[in-house]
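Worksheet for the structure shown next.
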Amino acid sequence: MSPVRLCSWYRSLCWRTSRTPFANGFGQKSVCPAAPGAAALCRQTNSPWRDGTRGFFSRGGGGADVEQQTLEDIAKNIRERQYKRVVVMAGAGISTPSGIPDFRSPGSGLYDNLQQYDLPYAEAIFEIGFFHHNPNPFFALAKELYPGNYQPNLSHYFVRLLHKKGQLLRMYTQNIDGLERLAGIPPEMLVEAHGTFATATCTVCLRKYEGEELRPDVMSGTVPKCPTCKGVVKPDIVFFGEELPRHFFKYLTDFPLADLLIIMGTSLEVEPFASLAGAVRGSVPRLLINRDLVGPFAWRRRPHDVVQLGDVVSGVQALVDALGWTQELDALMAASSEKAATKTEE
């Protein structure tokens with residue numbers, strides 16, 4: 001198996017079930033001990049997409065006489081502002097081109113650093129019970145992944161440009177690396193489904209902190225402690241079994257309003273995020289830019305679905321070229337890079 005990069009590794013942990021200490025009693029392991037009715041981050045062997053049944057929000061495919069759309073059709077309708085409420089779903093595949101380092105490759109700094117903690121199994125690093133027992137492995141990971149260590153790429157800036165043009169309704173991301181914010185996408189336009197390093201909470205007294213307040217401790221390899229009660233301060237990353245952020249429930253209004261859904265760089269295997277792919281109306285086009293066919297695109301496409309397979313950045317570039325936005329996007333990226341360089345010098 002080829003090396004799995006850090007963000008991909010985080011994604012894979014969200015659904016892998018081997019050696020987990022929790023089971024739901026139906027032969028299907030999960031890590032969802034949250035209160036009934038609460039949406040919690042789950043990894044399941046029997047995803048609604050993977051067993052051939054429909055997901056939570058899936059709708060029928062409609063008539064067979066609808067002409068199949070192409071990437072150029074999608075681009076034309078964006079350019080002509082036929083789509084003004086675009087929802088974007090994104091996963092680890094949009095972040096790995098930014099250089100997030102290998103986790104599983106022996107010899108890599110992050111891999112070697114985590115070996116000293118003797119994790120009982122890889123998933124433990126994102127399990128809240130293990131975190132309370134031993135937070136050191138998570139903060140070793142956080143040091144590597146903390147916002148500012150890596151820079152956004154073309155995929156992130158495309159979404160920023162979509163927002164700049166007033167056509168982005170919301171971006172839903174599985175990623176915890178903060179690259180969407182660094183690209184300039186406003187927090188109110190983001191739903192960070194698996195949490196964020198931008199804020200943090202004391203695990204004892206629940207005092208709130210800004211993520212930057214933790215940076216000195218995290219970067220020095222020290223577990224951040226609350227000055228009020230001496231409890232461990234945990235970044236607001238969603239661990240297995242924890243409730244999803246309240247912002248996640250914006251999908252209840254966003255997806256029915258969407259006139260285009262773009263899905264990029266995700267395996268659609270983590271629930272409940274994965275089932276959002278079926279939450280838009282059946283008449284709404286869905287564009288998948290991804291390495292592989294995933295979720296409903298793999299087993300039952302809708303008539304208006306469009307698929308662009310291959311490298312994610314190349315797929316986004318193809319869309320940008322079809323839109324005629326290449327020069328504008330290049331200028332946006334150049335300005336952002338210059339701003340970042342100036343900030344670094346200061």
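In the structure tokens, each chain is lettered A, B, ... as it comes, each chain's residues begin at 1, and ligands are numbered from 1 in order of appearance.
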List the spatial neighbours of region 184-188 of chain A as a PyMOL selection string - criterion: any atom at most 12 Å away, only C-alpha atoms, same-chain residues fewer than 2 positions off excluded.
chain A and resi 151-153+155-164+166+168-173+178-182+190-192+196+198-199+247-248+250+332-333+335-337+339-340
Counting only C-alpha atoms, what is within 9 Å of Tyr83 (chain A), bar same-chain residues fewer than 4 positions away, as number ranges by chain?
A: 74, 77-79, 167, 258-260
Would you pick out the contacts of region 233-236 of chain A at 8 Å or less, using only C-alpha atoms, so that residues sharing its chain but fewer than 5 positions from it are not included, and give the list as an NGL selection string?
:A and (195-203 or 211 or 223-226)
Just to be explicit: take each residue in the selection above, keep all heavy atoms, and write the result as a CSV table (one decimal), in the first residue's frame.
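The new file part.csv reads:
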chain,number,residue,atom,x,y,z
A,195,GLY,N,-14.3,19.9,13.1
A,195,GLY,CA,-13.7,20.8,14.0
A,195,GLY,C,-12.6,21.6,13.5
A,195,GLY,O,-12.3,21.6,12.3
A,196,THR,N,-11.9,22.4,14.4
A,196,THR,CA,-10.9,23.3,13.9
A,196,THR,C,-9.9,23.6,15.0
A,196,THR,O,-10.2,23.4,16.2
A,196,THR,CB,-11.6,24.7,13.6
A,196,THR,OG1,-10.6,25.6,13.3
A,196,THR,CG2,-12.4,25.2,14.8
A,197,PHE,N,-8.7,24.0,14.6
A,197,PHE,CA,-7.7,24.4,15.5
A,197,PHE,C,-7.8,25.9,15.9
A,197,PHE,O,-7.1,26.4,16.7
A,197,PHE,CB,-6.3,24.2,14.9
A,197,PHE,CG,-5.8,22.8,15.0
A,197,PHE,CD1,-5.7,22.0,13.9
A,197,PHE,CD2,-5.4,22.2,16.2
A,197,PHE,CE1,-5.2,20.7,13.9
A,197,PHE,CE2,-4.9,20.9,16.3
A,197,PHE,CZ,-4.8,20.1,15.1
A,198,ALA,N,-8.7,26.6,15.2
A,198,ALA,CA,-8.9,28.0,15.4
A,198,ALA,C,-9.3,28.4,16.8
A,198,ALA,O,-9.1,29.5,17.3
A,198,ALA,CB,-9.8,28.6,14.4
A,199,THR,N,-10.1,27.5,17.5
A,199,THR,CA,-10.5,27.7,18.8
A,199,THR,C,-10.2,26.5,19.7
A,199,THR,O,-9.9,25.4,19.1
A,199,THR,CB,-12.0,28.0,18.9
A,199,THR,OG1,-12.7,26.9,18.3
A,199,THR,CG2,-12.4,29.3,18.1
A,200,ALA,N,-10.3,26.6,21.0
A,200,ALA,CA,-10.0,25.5,21.9
A,200,ALA,C,-10.8,25.7,23.2
A,200,ALA,O,-11.3,26.8,23.5
A,200,ALA,CB,-8.5,25.5,22.2
A,201,THR,N,-10.9,24.6,23.9
A,201,THR,CA,-11.7,24.6,25.1
A,201,THR,C,-11.0,23.8,26.2
A,201,THR,O,-10.5,22.7,26.0
A,201,THR,CB,-13.1,23.9,24.9
A,201,THR,OG1,-13.7,24.6,23.8
A,201,THR,CG2,-14.0,24.0,26.1
A,202,CYS,N,-11.1,24.3,27.4
A,202,CYS,CA,-10.5,23.5,28.6
A,202,CYS,C,-11.4,22.3,28.8
A,202,CYS,O,-12.6,22.4,28.9
A,202,CYS,CB,-10.5,24.4,29.8
A,202,CYS,SG,-10.0,23.5,31.3
A,203,THR,N,-10.8,21.2,29.0
A,203,THR,CA,-11.6,19.9,29.2
A,203,THR,C,-12.2,19.8,30.6
A,203,THR,O,-13.0,18.9,30.8
A,203,THR,CB,-10.7,18.7,28.9
A,203,THR,OG1,-9.5,18.8,29.8
A,203,THR,CG2,-10.2,18.7,27.5
A,211,GLY,N,-7.2,29.7,19.2
A,211,GLY,CA,-6.2,28.7,18.9
A,211,GLY,C,-4.8,29.3,19.0
A,211,GLY,O,-3.8,28.5,19.3
A,223,VAL,N,2.0,20.2,26.6
A,223,VAL,CA,0.5,20.1,26.6
A,223,VAL,C,-0.1,21.4,27.2
A,223,VAL,O,0.3,21.7,28.3
A,223,VAL,CB,0.1,18.9,27.4
A,223,VAL,CG1,-1.4,18.8,27.6
A,223,VAL,CG2,0.6,17.6,26.8
A,224,PRO,N,-0.9,22.1,26.5
A,224,PRO,CA,-1.5,23.3,27.0
A,224,PRO,C,-2.4,23.1,28.2
A,224,PRO,O,-3.2,22.2,28.2
A,224,PRO,CB,-2.3,23.9,25.8
A,224,PRO,CG,-1.9,23.1,24.6
A,224,PRO,CD,-1.4,21.8,25.1
A,225,LYS,N,-2.2,23.9,29.2
A,225,LYS,CA,-3.0,23.8,30.5
A,225,LYS,C,-3.7,25.1,30.7
A,225,LYS,O,-3.2,26.2,30.4
A,225,LYS,CB,-2.0,23.5,31.7
A,225,LYS,CG,-1.3,22.1,31.6
A,225,LYS,CD,-2.3,21.0,31.7
A,225,LYS,CE,-1.6,19.6,31.7
A,225,LYS,NZ,-0.8,19.4,32.9
A,226,CYS,N,-4.9,25.0,31.3
A,226,CYS,CA,-5.7,26.1,31.6
A,226,CYS,C,-5.2,26.8,32.8
A,226,CYS,O,-5.0,26.2,33.9
A,226,CYS,CB,-7.2,25.7,31.8
A,226,CYS,SG,-8.3,26.9,32.4
Might you pull out every residue within 8 Å of Gln308 (chain A), with only C-alpha atoms counted and same-chain residues fewer than 4 positions away left off, and present them as a PDB file with C-alpha atoms, in the first residue's frame?
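That gives us selection-v2.pdb:
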ATOM      1  CA  LEU A  71     -17.742  19.920 -17.088  1.00  0.00           C
ATOM      2  CA  LEU A 287     -19.900  17.782  -9.765  1.00  0.00           C
ATOM      3  CA  LEU A 288     -17.398  15.257  -8.388  1.00  0.00           C
ATOM      4  CA  ILE A 289     -13.710  16.192  -8.707  1.00  0.00           C
ATOM      5  CA  ASN A 290     -11.896  13.237  -7.232  1.00  0.00           C
ATOM      6  CA  GLY A 315      -9.487  18.637 -12.008  1.00  0.00           C
TER       7      GLY A 315
END
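With distances restricted to only C-alpha atoms, A:Leu154 is the closest residue to Ser314 (chain A) from A:Glu213, A:Ala75, A:Leu154, A:Tyr146.
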Excluding Phe239 (chain A) and its own-chain neighbours fewer than 5 positions away, which residues fall within 7 Å of it when counting only C-alpha atoms? Please give them as a PDB file with N, CA, C and O atoms, in the first residue's frame.
ATOM      1  N   PHE A 126      -7.288   9.809  18.083  1.00  0.00           N
ATOM      2  CA  PHE A 126      -8.488  10.628  17.948  1.00  0.00           C
ATOM      3  C   PHE A 126      -9.649  10.087  18.771  1.00  0.00           C
ATOM      4  O   PHE A 126     -10.810  10.352  18.454  1.00  0.00           O
ATOM      5  N   GLU A 127      -9.371   9.348  19.823  1.00  0.00           N
ATOM      6  CA  GLU A 127     -10.425   8.882  20.715  1.00  0.00           C
ATOM      7  C   GLU A 127     -10.352   9.660  22.020  1.00  0.00           C
ATOM      8  O   GLU A 127      -9.303   9.753  22.646  1.00  0.00           O
ATOM      9  N   ILE A 128     -11.484  10.204  22.418  1.00  0.00           N
ATOM     10  CA  ILE A 128     -11.502  11.140  23.538  1.00  0.00           C
ATOM     11  C   ILE A 128     -11.081  10.464  24.844  1.00  0.00           C
ATOM     12  O   ILE A 128     -10.410  11.086  25.680  1.00  0.00           O
TER      13      ILE A 128
END
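Minimum distance to Glu242 (chain A) across A:Gly129, A:Pro135, A:Gly310, A:Pro296 (counting only C-alpha atoms) occurs at A:Gly129.
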Nearby residues (only C-alpha atoms) at most 9 Å from Ser267 (chain A), same-chain spacing under 2 positions excluded, as a compact mmCIF listing (two decimals) with C-alpha atoms, in the first residue's frame:
# COMPACT_ATOMS: atom_id res chain seq x y z
CA ARG A 11 -9.88 10.61 7.09
CA SER A 12 -9.26 6.85 7.11
CA GLY A 91 -12.04 16.21 2.11
CA ALA A 92 -8.39 15.36 2.57
CA GLY A 93 -7.73 15.15 -1.15
CA GLY A 265 -11.14 15.15 -2.67
CA GLU A 269 -16.98 7.23 3.91
CA VAL A 270 -17.32 9.25 7.13
CA ALA A 274 -20.88 11.43 3.57
CA ASN A 290 -11.90 13.24 -7.23
CA ASP A 292 -11.97 7.78 -7.63
CA LEU A 293 -15.68 7.29 -8.00
CA VAL A 294 -17.15 7.44 -4.50
CA GLY A 295 -20.48 7.36 -2.71
Between A:Thr228, A:Thr253, A:Thr222, A:Asn175, which one has atoms that come closest to Ser95 (chain A), using only C-alpha atoms?
A:Asn175
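Considering the residues A:Gly99, A:Arg81, A:Ala183, A:Pro256 and counting only C-alpha atoms, Ala334 (chain A) has its shortest atom-to-atom contact with A:Ala183.
Atom pair CA of Ala322 (chain A) / CA of Leu261 (chain A) has a distance of 17.2 Å (rounded to one decimal).
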